[in-house]
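Asks: Take a look at entry.csv, CSV, C-alpha atoms and all ligand atoms:
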```
chain,number,residue,atom,x,y,z
B,1,MET,CA,0.0,0.0,0.0
B,2,THR,CA,1.4,3.4,-0.9
B,3,TYR,CA,0.6,6.9,0.5
B,4,SER,CA,2.8,8.7,-2.0
B,5,ASN,CA,-0.2,10.1,-3.9
B,6,ILE,CA,-2.0,11.5,-0.9
B,7,LYS,CA,-0.2,14.9,-1.3
B,8,GLU,CA,-1.1,15.1,-4.9
B,9,ALA,CA,-4.7,14.1,-4.1
B,10,VAL,CA,-5.0,16.9,-1.5
B,11,GLN,CA,-3.6,19.4,-4.0
B,12,ILE,CA,-6.2,18.3,-6.6
B,13,LEU,CA,-9.0,18.6,-4.0
B,14,ASN,CA,-7.8,22.1,-3.0
B,15,HIS,CA,-8.0,23.1,-6.6
B,16,GLY,CA,-11.6,21.9,-7.0
B,17,GLY,CA,-10.7,18.6,-8.7
B,18,LEU,CA,-12.0,15.1,-8.4
B,19,VAL,CA,-10.2,12.2,-6.6
B,20,ALA,CA,-11.5,8.7,-6.6
B,21,PHE,CA,-10.5,6.8,-3.5
B,22,PRO,CA,-11.0,3.4,-1.9
B,23,THR,CA,-13.1,2.9,1.2
B,24,GLU,CA,-14.0,-0.4,3.0
B,25,THR,CA,-17.3,-0.4,1.2
B,26,VAL,CA,-16.9,0.7,-2.4
B,27,TYR,CA,-14.7,3.4,-4.2
B,28,GLY,CA,-15.9,6.9,-3.8
B,29,LEU,CA,-15.7,9.9,-6.2
B,30,GLY,CA,-14.4,12.7,-4.0
B,31,ALA,CA,-14.6,16.5,-4.1
B,32,ASP,CA,-14.2,19.3,-1.6
B,33,ALA,CA,-17.6,19.3,0.1
B,34,ALA,CA,-17.3,23.0,0.7
B,35,SER,CA,-16.7,24.0,-2.9
B,36,PRO,CA,-19.9,24.4,-5.1
B,37,HIS,CA,-17.8,24.2,-8.2
B,38,ALA,CA,-16.1,21.0,-7.2
B,39,VAL,CA,-19.3,19.3,-6.0
B,40,GLN,CA,-20.9,20.2,-9.3
B,41,LYS,CA,-18.2,18.3,-11.1
B,42,ILE,CA,-19.3,15.1,-9.3
B,43,PHE,CA,-22.8,15.4,-10.7
B,44,SER,CA,-21.5,16.0,-14.2
B,45,ALA,CA,-19.0,13.2,-14.1
B,46,LYS,CA,-21.6,10.7,-12.8
B,47,LYS,CA,-24.5,12.1,-14.9
B,48,ARG,CA,-26.4,12.2,-11.7
B,49,PRO,CA,-29.6,14.2,-11.3
B,50,ALA,CA,-29.2,17.2,-8.9
B,51,ASN,CA,-31.8,16.0,-6.4
B,52,HIS,CA,-29.7,13.1,-5.2
B,53,PRO,CA,-27.9,14.1,-2.0
B,54,LEU,CA,-24.2,13.2,-1.4
B,55,ILE,CA,-22.6,11.7,1.6
B,56,VAL,CA,-19.9,13.9,3.3
B,57,HIS,CA,-16.9,11.8,4.5
B,58,ILE,CA,-15.0,13.0,7.5
B,59,GLY,CA,-11.8,11.9,9.2
B,60,SER,CA,-12.4,13.0,12.8
B,61,PHE,CA,-15.2,13.3,15.3
B,62,GLU,CA,-14.6,17.1,15.7
B,63,GLU,CA,-15.9,17.5,12.2
B,64,LEU,CA,-19.2,15.9,13.0
B,65,GLU,CA,-20.6,19.0,14.7
B,66,TYR,CA,-19.1,21.2,12.0
B,67,TRP,CA,-21.5,19.6,9.4
B,68,ALA,CA,-24.5,18.5,11.5
B,69,LYS,CA,-26.5,20.1,14.3
B,70,ASP,CA,-29.0,19.0,17.0
B,71,ILE,CA,-27.3,15.7,17.2
B,72,SER,CA,-29.0,13.4,19.6
B,73,GLN,CA,-27.2,11.3,22.3
B,74,ASP,CA,-28.2,8.2,20.4
B,75,ALA,CA,-26.6,9.5,17.2
B,76,PHE,CA,-23.4,10.3,19.1
B,77,LYS,CA,-23.4,6.9,20.6
B,78,LEU,CA,-23.8,5.2,17.2
B,79,ALA,CA,-21.1,7.4,15.6
B,80,HIS,CA,-18.6,6.6,18.4
B,81,TYR,CA,-19.4,2.9,18.3
B,82,PHE,CA,-19.5,2.3,14.6
B,83,TRP,CA,-17.0,4.9,13.2
B,84,PRO,CA,-14.7,4.6,11.5
B,85,GLY,CA,-16.9,2.1,9.6
B,86,PRO,CA,-19.6,1.4,7.1
B,87,LEU,CA,-22.4,3.4,8.7
B,88,THR,CA,-23.8,6.6,7.2
B,89,LEU,CA,-25.9,8.8,9.6
B,90,ILE,CA,-28.5,11.2,8.3
B,91,LEU,CA,-28.5,14.2,10.6
B,92,LYS,CA,-29.9,17.8,10.7
B,93,LYS,CA,-27.5,19.9,8.6
B,94,GLN,CA,-25.6,23.0,9.6
B,95,PRO,CA,-26.7,26.2,7.7
B,96,HIS,CA,-23.5,26.5,5.7
B,97,VAL,CA,-23.9,23.0,4.0
B,98,LEU,CA,-24.2,23.4,0.3
B,99,LYS,CA,-27.6,22.8,-1.3
B,100,ALA,CA,-26.0,20.6,-3.9
B,101,ILE,CA,-24.8,18.3,-1.1
B,102,THR,CA,-28.2,17.9,0.6
B,103,GLY,CA,-30.4,17.9,-2.5
B,104,GLY,CA,-32.2,20.9,-0.9
B,105,GLN,CA,-33.2,18.9,2.2
B,106,ASP,CA,-32.6,20.0,5.8
B,107,THR,CA,-30.4,16.9,6.5
B,108,ILE,CA,-26.9,15.7,5.7
B,109,GLY,CA,-25.4,12.2,5.3
B,110,LEU,CA,-22.1,11.8,7.2
B,111,ARG,CA,-19.7,8.9,7.4
B,112,MET,CA,-16.2,8.2,8.6
B,113,PRO,CA,-14.8,5.5,6.4
B,114,ASN,CA,-12.5,2.8,7.8
B,115,HIS,CA,-9.8,2.4,5.1
B,116,PRO,CA,-6.2,3.4,5.6
B,117,ILE,CA,-6.1,5.4,2.3
B,118,ALA,CA,-9.4,7.1,2.9
B,119,LYS,CA,-8.3,8.0,6.4
B,120,ALA,CA,-5.0,9.3,5.3
B,121,LEU,CA,-6.6,11.4,2.6
B,122,LEU,CA,-9.3,12.8,4.9
B,123,ASN,CA,-6.7,13.6,7.6
B,124,ALA,CA,-4.4,15.3,5.1
B,125,PHE,CA,-7.2,17.3,3.5
B,126,GLY,CA,-8.5,18.2,6.9
B,127,SER,CA,-12.1,18.8,5.8
B,128,GLY,CA,-15.2,17.0,4.5
B,129,ILE,CA,-15.0,15.2,1.2
B,130,ALA,CA,-18.3,14.7,-0.6
B,131,ALA,CA,-18.2,11.3,-2.3
B,132,PRO,CA,-20.9,9.1,-3.9
B,133,SER,CA,-19.9,5.8,-5.3
B,134,ALA,CA,-17.5,6.3,-8.2
B,135,ASN,CA,-19.8,4.9,-11.0
B,136,LEU,CA,-22.1,6.4,-13.6
B,137,PHE,CA,-25.6,7.1,-12.2
B,138,THR,CA,-27.7,3.8,-11.8
B,139,HIS,CA,-24.6,1.6,-12.6
B,140,VAL,CA,-23.0,-0.9,-10.2
B,141,SER,CA,-20.6,0.6,-7.7
B,142,PRO,CA,-16.9,0.0,-8.3
B,143,THR,CA,-15.1,-2.2,-5.8
B,144,ASP,CA,-11.6,-1.9,-7.4
B,145,SER,CA,-9.7,0.8,-9.2
B,146,ALA,CA,-10.1,-0.9,-12.6
B,147,ALA,CA,-13.8,-0.6,-12.3
B,148,VAL,CA,-13.5,3.1,-11.4
B,149,ARG,CA,-11.4,3.6,-14.6
B,150,ALA,CA,-14.0,1.7,-16.7
B,151,GLU,CA,-16.8,3.8,-15.3
B,152,LEU,CA,-15.3,7.3,-15.1
B,153,GLY,CA,-11.8,7.1,-16.6
B,154,GLY,CA,-11.0,10.5,-18.0
B,155,GLN,CA,-13.3,12.4,-15.8
B,156,VAL,CA,-11.3,11.8,-12.6
B,157,ASP,CA,-8.1,13.8,-12.0
B,158,LEU,CA,-6.6,11.0,-9.8
B,159,ILE,CA,-7.6,7.5,-8.8
B,160,LEU,CA,-6.0,6.3,-5.5
B,161,GLU,CA,-5.1,2.7,-5.7
B,162,GLY,CA,-6.3,0.6,-2.8
B,163,GLY,CA,-6.9,-2.9,-4.2
B,164,ALA,CA,-10.3,-4.6,-3.8
B,165,CYS,CA,-12.7,-3.3,-1.2
B,166,GLU,CA,-13.0,-5.3,1.9
B,167,LEU,CA,-16.9,-5.3,2.2
B,168,GLY,CA,-18.0,-4.7,-1.4
B,169,LEU,CA,-21.4,-3.2,-0.7
B,170,GLU,CA,-22.3,0.4,0.1
B,171,SER,CA,-22.7,1.6,3.7
B,172,THR,CA,-25.8,1.1,5.9
B,173,ILE,CA,-27.7,4.4,5.9
B,174,LEU,CA,-29.6,5.3,9.1
B,175,ASP,CA,-31.7,8.4,9.4
B,176,MET,CA,-31.2,9.8,12.9
B,177,SER,CA,-32.6,13.3,12.1
B,178,ARG,CA,-36.0,12.7,13.7
B,179,ASN,CA,-37.4,10.9,16.7
B,180,GLU,CA,-37.5,7.5,15.2
B,181,ALA,CA,-34.3,5.8,13.9
B,182,VAL,CA,-35.0,4.8,10.4
B,183,LEU,CA,-32.9,2.4,8.2
B,184,LEU,CA,-32.9,3.8,4.7
B,185,ARG,CA,-30.4,1.4,3.1
B,186,PRO,CA,-29.3,-2.0,4.5
B,187,GLY,CA,-25.6,-2.6,4.6
B,188,MET,CA,-23.1,-5.0,6.2
B,189,ILE,CA,-23.7,-3.4,9.6
B,190,GLN,CA,-27.0,-5.1,10.3
B,191,ALA,CA,-30.2,-3.6,11.8
B,192,SER,CA,-30.0,-5.9,14.8
B,193,THR,CA,-26.5,-4.7,15.6
B,194,ILE,CA,-27.6,-1.1,15.6
B,195,GLU,CA,-30.7,-2.0,17.7
B,196,ALA,CA,-28.4,-3.7,20.2
B,197,GLN,CA,-26.5,-0.5,20.6
B,198,LEU,CA,-29.5,1.7,20.8
B,199,GLY,CA,-31.5,-0.6,23.0
B,200,ARG,CA,-34.6,-0.1,20.9
B,201,LYS,CA,-36.1,-1.0,17.5
B,202,ILE,CA,-35.4,0.9,14.4
B,203,LEU,CA,-37.8,1.3,11.5
B,204,TYR,CA,-37.1,0.1,8.0
B,205,ILE,CA,-38.4,2.5,5.3
B,206,PRO,CA,-36.5,2.0,2.0
B,207,LYS,CA,-35.5,5.3,0.5
B,208,GLN,CA,-38.1,6.4,-2.0
B,209,THR,CA,-36.7,6.1,-5.4
B,210,VAL,CA,-36.8,9.4,-7.1
B,211,ARG,CA,-38.9,9.4,-10.2
B,212,ALA,CA,-38.9,12.2,-12.8
B,213,PRO,CA,-40.7,11.9,-16.1
B,214,GLY,CA,-38.9,9.7,-18.5
B,215,GLN,CA,-36.5,8.3,-15.9
B,216,HIS,CA,-36.1,4.8,-14.6
B,217,HIS,CA,-36.0,3.6,-11.1
B,218,VAL,CA,-32.8,4.4,-9.3
B,219,HIS,CA,-30.9,1.1,-8.9
B,220,TYR,CA,-27.5,-0.6,-8.7
B,221,ALA,CA,-27.9,-2.3,-12.0
B,222,PRO,CA,-25.9,-4.1,-14.7
B,223,GLN,CA,-26.8,-3.2,-18.3
B,224,THR,CA,-27.5,-6.9,-19.1
B,225,LYS,CA,-31.0,-8.1,-18.3
B,226,SER,CA,-30.8,-9.7,-14.8
B,227,ILE,CA,-33.3,-12.1,-13.3
B,228,LEU,CA,-33.5,-13.4,-9.7
B,229,MET,CA,-34.4,-17.1,-9.7
B,230,GLU,CA,-35.0,-19.7,-7.0
B,231,GLN,CA,-32.9,-22.8,-7.0
B,232,VAL,CA,-35.8,-25.1,-8.1
B,233,GLU,CA,-36.5,-23.0,-11.1
B,234,ILE,CA,-32.9,-22.9,-12.1
B,235,LYS,CA,-32.8,-26.7,-11.9
B,236,THR,CA,-35.7,-27.1,-14.4
B,237,THR,CA,-34.5,-24.5,-16.9
B,238,GLN,CA,-32.3,-25.1,-20.0
B,239,PHE,CA,-29.9,-22.3,-20.5
B,240,ASP,CA,-27.9,-21.4,-23.6
B,241,LYS,CA,-24.3,-20.2,-23.8
B,242,LYS,CA,-25.4,-16.6,-23.9
B,243,THR,CA,-26.7,-16.8,-20.4
B,244,ALA,CA,-24.6,-16.3,-17.2
B,245,ILE,CA,-25.9,-18.0,-14.1
B,246,LEU,CA,-24.6,-16.7,-10.7
B,247,PHE,CA,-25.2,-19.4,-8.1
B,248,HIS,CA,-24.0,-20.3,-4.6
B,249,THR,CA,-25.7,-23.5,-3.5
B,250,ASP,CA,-24.0,-27.0,-3.6
B,251,ALA,CA,-27.1,-28.5,-5.1
B,252,LEU,CA,-26.4,-26.6,-8.4
B,253,LYS,CA,-22.8,-27.6,-8.7
B,254,ALA,CA,-23.5,-30.8,-10.6
B,255,LEU,CA,-25.9,-29.0,-12.8
B,256,ALA,CA,-23.4,-26.3,-13.5
B,257,ALA,CA,-21.0,-29.0,-14.8
B,258,ASN,CA,-23.5,-30.5,-17.2
B,259,ASN,CA,-25.7,-27.6,-18.4
B,260,ARG,CA,-25.0,-25.0,-21.0
B,261,GLY,CA,-24.5,-21.5,-20.0
B,262,HIS,CA,-21.8,-19.7,-18.2
B,263,TRP,CA,-22.0,-20.8,-14.5
B,264,VAL,CA,-20.3,-18.6,-11.9
B,265,LEU,CA,-20.0,-19.9,-8.3
B,266,LEU,CA,-20.3,-17.4,-5.5
B,267,SER,CA,-19.7,-18.0,-1.8
B,268,GLN,CA,-22.2,-19.3,0.7
B,269,ASP,CA,-20.6,-17.0,3.2
B,270,PRO,CA,-22.5,-13.6,3.0
B,271,MET,CA,-19.3,-11.6,3.8
B,272,GLN,CA,-17.4,-13.2,0.9
B,273,TYR,CA,-20.5,-13.1,-1.3
B,274,ALA,CA,-20.8,-9.4,-0.8
B,275,ARG,CA,-17.1,-8.8,-1.4
B,276,ASP,CA,-17.4,-10.6,-4.8
B,277,LEU,CA,-20.8,-9.6,-6.0
B,278,TYR,CA,-20.2,-6.3,-7.8
B,279,ARG,CA,-17.0,-7.5,-9.4
B,280,THR,CA,-18.8,-10.6,-10.7
B,281,LEU,CA,-21.8,-8.6,-12.0
B,282,ARG,CA,-19.4,-6.3,-13.8
B,283,ALA,CA,-17.4,-9.2,-15.3
B,284,CYS,CA,-20.7,-10.7,-16.7
B,285,ASP,CA,-21.9,-7.3,-17.9
B,286,THR,CA,-19.5,-6.9,-20.8
B,287,GLY,CA,-22.1,-7.4,-23.5
B,288,HIS,CA,-21.1,-11.0,-24.0
B,289,PHE,CA,-24.3,-12.4,-22.4
B,290,ASN,CA,-27.9,-11.7,-23.2
B,291,CYS,CA,-29.1,-12.4,-19.7
B,292,MET,CA,-27.8,-12.9,-16.2
B,293,ILE,CA,-29.6,-15.4,-13.9
B,294,ILE,CA,-28.9,-14.8,-10.2
B,295,GLU,CA,-29.9,-17.5,-7.7
B,296,SER,CA,-32.0,-16.2,-4.8
B,297,VAL,CA,-30.1,-15.9,-1.5
B,298,PRO,CA,-31.1,-17.0,2.0
B,299,HIS,CA,-33.6,-15.0,4.1
B,300,GLY,CA,-31.4,-14.5,7.1
B,301,PRO,CA,-30.5,-11.0,8.3
B,302,SER,CA,-26.8,-11.4,7.3
B,303,TRP,CA,-28.1,-11.5,3.7
B,304,ASP,CA,-30.3,-8.4,4.0
B,305,ALA,CA,-28.0,-6.0,2.2
B,306,ILE,CA,-27.2,-8.5,-0.5
B,307,ARG,CA,-30.9,-9.3,-1.1
B,308,ASP,CA,-31.6,-5.5,-1.3
B,309,ARG,CA,-28.9,-5.0,-4.0
B,310,LEU,CA,-29.9,-8.1,-5.9
B,311,LYS,CA,-33.5,-6.9,-6.1
B,312,LYS,CA,-32.3,-3.6,-7.4
B,313,ALA,CA,-30.0,-5.2,-9.9
B,314,ALA,CA,-32.9,-7.3,-11.2
B,315,GLY,CA,-35.2,-4.2,-11.4
B,401,LIG,O1,-20.5,3.1,1.2
B,401,LIG,C1,-21.0,4.2,0.8
B,401,LIG,O2,-21.9,4.8,1.4
B,401,LIG,C2,-20.3,4.8,-0.4
B,401,LIG,C3,-18.8,5.1,-0.1
B,401,LIG,C4,-18.1,5.9,-1.2
B,401,LIG,O3,-18.8,5.9,1.1
B,401,LIG,N1,-21.0,5.9,-0.9
B,401,LIG,C5,-22.2,5.8,-1.5
B,401,LIG,O4,-22.7,7.0,-2.0
B,401,LIG,O5,-22.8,4.8,-1.7
B,401,LIG,P1,-23.9,7.1,-3.0
B,401,LIG,O6,-24.1,8.6,-3.3
B,401,LIG,O7,-23.7,6.2,-4.1
B,401,LIG,O8,-25.2,6.7,-2.1
B,401,LIG,C6,-25.5,7.5,-1.1
B,401,LIG,C7,-26.9,7.4,-0.7
B,401,LIG,C8,-27.8,8.0,-1.9
B,401,LIG,O9,-28.9,7.0,-2.1
B,401,LIG,C9,-28.4,9.3,-1.3
B,401,LIG,O10,-29.6,9.6,-1.8
B,401,LIG,C10,-28.3,9.0,0.2
B,401,LIG,O11,-27.2,8.2,0.4
B,401,LIG,N2,-28.3,10.2,1.0
B,401,LIG,C11,-27.2,11.1,1.1
B,401,LIG,N3,-27.6,12.2,1.8
B,401,LIG,C12,-28.8,11.9,2.2
B,401,LIG,C13,-29.8,12.7,3.0
B,401,LIG,N4,-29.4,13.9,3.6
B,401,LIG,N5,-31.0,12.2,3.3
B,401,LIG,C14,-31.3,11.0,2.7
B,401,LIG,N6,-30.5,10.2,2.0
B,401,LIG,C15,-29.3,10.7,1.7
B,402,MG,MG,-24.1,5.0,-5.6
```
For this file, write the structure as structure tokens.
Replies:
Amino acid sequence: MTYSNIKEAVQILNHGGLVAFPTETVYGLGADAASPHAVQKIFSAKKRPANHPLIVHIGSFEELEYWAKDISQDAFKLAHYFWPGPLTLILKKQPHVLKAITGGQDTIGLRMPNHPIAKALLNAFGSGIAAPSANLFTHVSPTDSAAVRAELGGQVDLILEGGACELGLESTILDMSRNEAVLLRPGMIQASTIEAQLGRKILYIPKQTVRAPGQHHVHYAPQTKSILMEQVEIKTTQFDKKTAILFHTDALKALAANNRGHWVLLSQDPMQYARDLYRTLRACDTGHFNCMIIESVPHGPSWDAIRDRLKKAAG
């Protein structure tokens, strides 16, 4: 791992440029969160509609109150317990926060990532870095630098190399800006783990997908038509060589060896499955296949985030 590019990255951020950097979840497309000009570049590079708010990444607890106000004791407790880590907290915003960051809402999303390069960058920059996932709008998030290059290549001033992301799925998003704690996006920090810290239940209200005329649902989707299928259905279907089948159960292994189609084995361990999922979707999304079949995953809570992303991938 090298930190030699951190200095250059900070210079770019200070001049209003874009720096892609690794986090423990996925790669982010970073800009100075206090610069309207720089933040605007994120939206242009991603082709992202302006009403989609951005997460501000911070490197220290002191910065929490610089960006957010009226922070409850519960919110402080969660920040101190889970940060640095894959939890984004939605809090009431301070007046100075740019409208482009919040999408015009009165709240801000904050997260302190747990990745040595992200930490080094944030500490060296010394202020908030606005960063959505470093992919084109609605595409699958990048989990390595090659994926960032494929998605945004020439539009990024610098890509910091950090290898493959440890978790592979975006952070858990929890709205702590009102009386109830509300889960907006499941992630690898599970709802029950948050409930154990809070000592109370949290609500789950999936974030409303923004719909404007002529636009599709917001999703984390491959370009190739993707279908979720139960194991039994996969067993009774004949595939052709233009179909990729992503499976994880032992029962399908024999079938994979004897059936046409491009069979890809994923892990039965949710942590490993999550780590591999986006890279695998991307590898099957090169235009070579007409269709991707994804075997349904188990119902347990450790699969919540994966199930959520698979549903979105399959529309
Ligand atoms: O793991 C992650 O969260 C990654 C890494 C780079 O940190 N970031 C990420 O950002 O996934 P993005 O922009 O792809 O997804 C952030 C989500 C969006 O759905 C956005 O609408 C939501 O967070 N969000 C941000 N600020 C919000 C706010 N104030 N209220 C509600 N939702 C918010
Ligand atoms: Mg994203």
Asks: Which polymer residues have any atom within 9 Å of an atom of Ala305 of chain B, counting all atoms listed in the file, with same-chain residues fewer than 2 positions away left out, as a VMD selection string?
Replies: chain B and resid 169 to 170 172 185 to 190 274 301 to 303 307 to 310
Asks: Atom CA of Ala50 of chain B to atom CA of Thr102 of chain B: how many Å, to one decimal?
Replies: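 Taking atom CA of Ala50 of chain B as the start and atom CA of Thr102 of chain B as the end point, the length is 9.6 Å.
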Asks: Kindly provide, as a list of chain:residue names, all nucleotide and amino acid residues lying within 6 Å of ligand LIG 401 (chain B), counting all atoms listed in the file.
Replies: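 So, counting all atoms listed in the file, the residues near ligand LIG 401 (chain B) are B:Thr25, B:Val26, B:Tyr27, B:Gly28, B:His52, B:Pro53, B:Leu54, B:Ile55, B:Ile90, B:Thr102, B:Thr107, B:Ile108, B:Gly109, B:Ala131, B:Pro132, B:Ser133, B:Glu170, B:Ser171.
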Asks: Within 8 Å of ligand MG 402 (chain B) (counting all atoms listed in the file), which residues show up? I'd like them as a compact mmCIF listing (two decimals) with C-alpha atoms, in the frame of the given file.
Replies:
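Dumped to result_16.txt:
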```
# COMPACT_ATOMS: atom_id res chain seq x y z
CA PRO B 132 -20.90 9.10 -3.90
CA SER B 133 -19.90 5.80 -5.30
CA ALA B 134 -17.50 6.30 -8.20
CA ASN B 135 -19.80 4.90 -11.00
CA PHE B 137 -25.60 7.10 -12.20
CA THR B 138 -27.70 3.80 -11.80
CA HIS B 139 -24.60 1.60 -12.60
CA VAL B 140 -23.00 -0.90 -10.20
CA SER B 141 -20.60 0.60 -7.70
CA GLU B 170 -22.30 0.40 0.10
CA TYR B 220 -27.50 -0.60 -8.70
```
Asks: Which value, in Å to one decimal, gives the distance between atom CA of Leu98 of chain B and atom CA of Pro22 of chain B?
Replies: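 Result for atom CA of Leu98 of chain B versus atom CA of Pro22 of chain B: 24.1 Å, one decimal.
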Asks: Do a neighbour search on Thr286 of chain B at 10 Å with all atoms listed in the file, toss out local chain neighbours closer than 3 positions, and write the hits as a list in words.
Replies: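 Selected residues are Pro222, Gln223, Thr224, Leu281, Arg282, Ala283, Phe289 and Asn290 of chain B.
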Asks: Could you list, as a list in words, every residue within 12 Å of Phe76 of chain B, counting all atoms listed in the file and ignoring same-chain residues fewer than 4 positions away?
Replies: Phe61, Glu62, Leu64, Glu65, Ala68, Lys69, Asp70, Ile71, Ser72, His80, Tyr81, Phe82, Trp83, Leu89, Ile90, Leu91, Met176, Ser177, Gln197 and Leu198 of chain B
